[in-house]
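Content type TSV, C-alpha atoms, from the file input-v4.tsv:
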```
chain	number	residue	atom	x	y	z
T	415	MET	CA	120.20	-246.51	-78.06
T	416	LEU	CA	120.18	-244.38	-74.93
T	417	GLY	CA	122.47	-244.79	-71.96
T	418	LEU	CA	121.02	-245.25	-68.49
T	419	GLU	CA	122.15	-241.73	-67.54
T	420	GLN	CA	119.98	-240.24	-70.28
T	421	LEU	CA	116.76	-241.76	-68.94
T	422	SER	CA	114.44	-240.09	-66.46
T	423	PRO	CA	114.71	-241.32	-62.84
T	424	GLU	CA	111.40	-243.19	-63.23
T	425	ASP	CA	112.60	-244.93	-66.40
T	426	ARG	CA	115.90	-245.86	-64.69
T	427	GLU	CA	113.91	-247.56	-61.93
T	428	VAL	CA	111.97	-249.55	-64.54
T	429	VAL	CA	115.24	-250.66	-66.21
T	430	VAL	CA	116.81	-251.64	-62.89
T	431	ARG	CA	113.69	-253.58	-61.90
T	432	ALA	CA	113.70	-255.37	-65.28
T	433	ARG	CA	117.40	-256.28	-64.91
T	434	ARG	CA	116.74	-257.74	-61.44
T	435	LEU	CA	113.82	-259.73	-62.82
T	436	GLU	CA	115.99	-260.99	-65.69
T	437	ARG	CA	118.72	-262.11	-63.25
T	438	PHE	CA	116.17	-263.92	-61.09
T	439	LEU	CA	114.79	-265.81	-64.09
T	440	THR	CA	118.25	-267.27	-64.85
T	441	GLN	CA	117.79	-270.24	-62.55
T	442	PRO	CA	120.36	-273.07	-62.62
T	443	PHE	CA	119.21	-276.06	-64.69
T	444	PHE	CA	120.03	-279.68	-63.93
T	445	THR	CA	121.13	-280.16	-67.55
T	446	THR	CA	123.80	-277.46	-67.30
T	447	GLU	CA	125.44	-278.63	-64.05
T	448	GLN	CA	128.45	-280.06	-65.90
T	449	PHE	CA	129.08	-276.73	-67.67
T	450	THR	CA	128.35	-274.23	-64.90
T	451	GLY	CA	129.44	-276.21	-61.85
T	452	LEU	CA	126.20	-275.12	-60.16
T	453	LYS	CA	123.76	-277.70	-58.87
T	454	GLY	CA	120.42	-277.56	-60.69
T	455	LYS	CA	117.40	-276.36	-58.76
T	456	LEU	CA	113.73	-277.11	-59.15
T	457	VAL	CA	111.59	-274.03	-58.53
T	458	SER	CA	107.83	-274.39	-58.44
T	459	LEU	CA	105.71	-272.07	-60.57
T	460	LYS	CA	104.23	-270.61	-57.36
T	461	ASP	CA	107.71	-269.78	-55.99
T	462	ALA	CA	108.86	-268.32	-59.32
T	463	LEU	CA	105.80	-266.06	-59.58
T	464	ASP	CA	106.15	-265.06	-55.93
T	465	GLY	CA	109.76	-264.04	-56.58
T	466	CYS	CA	108.76	-262.03	-59.65
T	467	GLU	CA	106.04	-260.20	-57.72
T	468	ARG	CA	108.42	-259.39	-54.86
T	469	ILE	CA	111.04	-258.03	-57.27
T	470	LEU	CA	108.42	-255.90	-59.03
T	471	ARG	CA	107.32	-254.54	-55.62
T	472	ASP	CA	110.97	-253.45	-55.07
T	473	GLU	CA	111.51	-255.70	-52.04
T	474	PHE	CA	115.02	-256.42	-53.37
T	475	LYS	CA	115.96	-252.96	-54.63
T	476	ASP	CA	118.72	-252.68	-52.01
T	477	TYR	CA	120.31	-255.99	-53.05
T	478	PRO	CA	122.88	-256.20	-55.86
T	479	GLU	CA	121.70	-257.81	-59.10
T	480	SER	CA	124.21	-260.61	-58.54
T	481	ALA	CA	122.23	-261.75	-55.47
T	482	LEU	CA	119.37	-262.72	-57.80
T	483	TYR	CA	121.52	-264.52	-60.39
T	484	MET	CA	121.43	-268.33	-60.59
T	485	ILE	CA	119.35	-268.91	-57.46
T	486	GLY	CA	116.32	-271.06	-56.80
T	487	PRO	CA	113.50	-269.53	-54.76
T	488	ILE	CA	113.75	-265.79	-54.07
T	489	ALA	CA	114.54	-266.40	-50.37
T	490	GLU	CA	118.03	-267.55	-51.44
T	491	ALA	CA	118.87	-263.98	-52.48
T	492	LYS	CA	118.87	-262.87	-48.86
T	493	GLY	CA	121.35	-265.59	-47.96
T	494	LYS	CA	123.57	-264.87	-50.97
T	495	ALA	CA	124.17	-261.14	-50.39
T	496	LYS	CA	123.52	-258.35	-47.94
T	497	PRO	CA	121.51	-255.25	-48.89
T	498	VAL	CA	123.63	-252.40	-50.24
T	499	PRO	CA	122.88	-249.07	-48.53
T	500	PRO	CA	121.79	-246.36	-50.97
T	501	ALA	CA	124.51	-243.87	-51.92
T	502	ALA	CA	124.24	-240.41	-50.43
T	503	PRO	CA	123.42	-237.76	-53.02
T	504	SER	CA	126.45	-235.69	-53.91
T	505	LYS	CA	126.50	-231.92	-53.79
T	506	PRO	CA	126.93	-230.12	-57.12
T	507	GLY	CA	130.61	-229.47	-57.82
T	508	ALA	CA	131.79	-231.79	-55.02
T	509	ARG	CA	134.74	-234.04	-55.82
T	510	PRO	CA	134.40	-237.74	-55.05
T	511	ALA	CA	136.45	-239.02	-52.15
T	512	ALA	CA	139.68	-240.83	-52.98
T	513	ARG	CA	139.06	-244.57	-52.90
T	514	ARG	CA	142.59	-245.91	-52.87
T	515	SER	CA	144.68	-246.05	-49.73
T	516	ARG	CA	148.36	-246.90	-49.39
T	517	SER	CA	147.52	-250.43	-48.21
T	518	GLN	CA	145.51	-251.29	-51.32
T	519	PRO	CA	147.08	-253.16	-54.24
T	520	PRO	CA	148.30	-251.29	-57.31
T	521	THR	CA	145.75	-249.85	-59.72
T	522	ARG	CA	147.12	-251.75	-62.74
T	523	MET	CA	147.08	-255.43	-63.64
T	524	ASN	CA	148.19	-257.73	-66.44
T	525	LEU	CA	145.63	-259.22	-68.81
T	526	LYS	CA	145.98	-262.49	-70.69
T	527	VAL	CA	143.09	-263.85	-72.78
T	528	LEU	CA	143.47	-267.58	-73.30
T	529	LEU	CA	141.84	-269.75	-75.95
T	530	PRO	CA	142.01	-273.56	-75.74
T	531	PHE	CA	145.32	-273.85	-77.61
T	532	GLN	CA	146.81	-270.35	-77.72
T	533	VAL	CA	147.15	-266.98	-76.05
T	534	PHE	CA	144.65	-264.74	-77.85
T	535	ALA	CA	145.73	-261.40	-76.37
T	536	GLU	CA	148.15	-260.14	-73.74
T	537	LYS	CA	148.51	-256.66	-72.28
T	538	THR	CA	150.25	-255.17	-69.24
T	539	GLY	CA	149.30	-252.12	-67.19
T	540	VAL	CA	145.52	-252.54	-67.56
T	541	ALA	CA	143.43	-250.36	-65.24
T	542	ARG	CA	140.16	-252.29	-65.61
T	543	ILE	CA	138.61	-255.11	-67.60
T	544	ILE	CA	135.04	-254.95	-68.83
T	545	ALA	CA	133.51	-257.83	-70.76
T	546	GLU	CA	130.22	-257.28	-72.56
T	547	THR	CA	127.87	-260.26	-72.78
T	548	ARG	CA	124.29	-260.83	-73.88
T	549	GLU	CA	123.20	-260.72	-70.23
T	550	GLY	CA	125.05	-257.51	-69.39
T	551	SER	CA	128.61	-256.55	-68.57
T	552	PHE	CA	131.18	-258.02	-66.21
T	553	GLY	CA	134.02	-255.93	-64.87
T	554	LEU	CA	137.18	-256.44	-62.84
T	555	LEU	CA	139.22	-253.82	-61.06
T	556	PRO	CA	142.67	-254.52	-59.65
T	557	THR	CA	141.46	-253.50	-56.17
T	558	ASP	CA	138.58	-256.02	-56.11
T	559	TRP	CA	139.94	-259.54	-56.23
T	560	THR	CA	136.93	-261.18	-54.57
T	561	ALA	CA	135.13	-261.47	-57.92
T	562	SER	CA	138.26	-262.97	-59.48
T	563	ARG	CA	138.50	-265.58	-56.75
T	564	ARG	CA	134.82	-266.51	-57.18
T	565	SER	CA	134.94	-266.77	-60.95
T	566	CYS	CA	138.40	-268.39	-61.20
T	567	PRO	CA	138.78	-271.27	-58.73
T	568	GLY	CA	142.36	-271.66	-57.55
T	569	PHE	CA	143.18	-268.00	-58.26
```

Can the structure from this file be put into structure tokens for me?
Amino acid sequence: MLGLEQLSPEDREVVVRARRLERFLTQPFFTTEQFTGLKGKLVSLKDALDGCERILRDEFKDYPESALYMIGPIAEAKGKAKPVPPAAPSKPGARPAARRSRSQPPTRMNLKVLLPFQVFAEKTGVARIIAETREGSFGLLPTDWTASRRSCPGF
């Protein structure tokens, strides 16, 4: 299996487009409301196909994949997230700018994996957490707590 970096730029665009399409097709079902906490949505076939066509035409290439996840009609993506400006190409040999300032939280965190009746794993001084799932990967950094607050109510 190849990594994304090993693909040609054209093939990377195809993969990114396919991932956006996959996220859009994960619409919230009425039958899963009690498990996901998300209200089910009814999307007409016309709206679903319109959304697929717009994604394949790259109308949402500047939006994060998460904007297309668990939404109804494609218009909801624009209300869920703002477009992300494309990154400026870096010069060969240039060092990336430092991202952490003195006002940011520490770059380490504590991890505790809980099962229904026990602590499964516990580790201190973790720099990042990446969870692999069938739909892709989910990551947390100690400097980005907004995702933690969204995924863990009361955090």

Q | Which of T:Met523, T:Asp461, T:Leu456, T:Phe531 sits closest to Ile543 of chain T [using only C-alpha atoms] | A |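 Checking each of T:Met523, T:Asp461, T:Leu456, T:Phe531 against Ile543 of chain T, counting only C-alpha atoms, the winner is T:Met523.
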
Q | d(atom CA of Asp476 of chain T, atom CA of Gly417 of chain T) in Å | A | 21.8 Å

Q: Rank T:Thr538, T:Arg433, T:Leu439, T:Leu528 by their smallest atom-to-atom distance to Pro478 of chain T, using only C-alpha atoms, and report the top residue only.
A: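 Result for the nearest residue to Pro478 of chain T: T:Arg433.
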
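Shortest separation to Thr440 of chain T among T:Leu452, T:Ala541, T:Ile485, T:Leu470 occurs at residue T:Ile485, atoms counted being only C-alpha atoms.
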
Please put the answer as AutoDock Vina command-line options: centre and edge lengths, in Å with one decimal, of a box along x, y and z that encloses all listed atoms of segment 485-498 of chain T plus 5 Å on each side.
```
--center_x 118.8 --center_y -261.7 --center_z -52.7 --size_x 20.7 --size_y 28.7 --size_z 19.5
```

**Q.** Computed interatomic separation between atom CA of Phe438 of chain T and atom CA of Gln420 of chain T (Å)
**A.** 25.7 Å

Q: Within 9 Å of Phe474 of chain T, counting all atoms listed in the file, which residues show up once you throw out same-chain ones fewer than 3 positions away? Write them as an MDAnalysis selection string, please.
A: chainID T and resid 434 468:471 477:479 482 491:492 497

**Q.** Surrounding residues of Val457 of chain T excluding itself and chain neighbours under 6 positions, 12 Å, only C-alpha atoms, as a PyMOL selection string
**A.** chain T and resi 438-444+463-465+484-490

Q) Nearest to Val429 of chain T: which of T:Lys475, T:Gly454, T:Leu459, T:Lys496 is it, counting all atoms listed in the file? A) T:Lys475

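For the pair atom CA of Asn524 of chain T and atom CA of Val540 of chain T, the separation is 5.9 Å.
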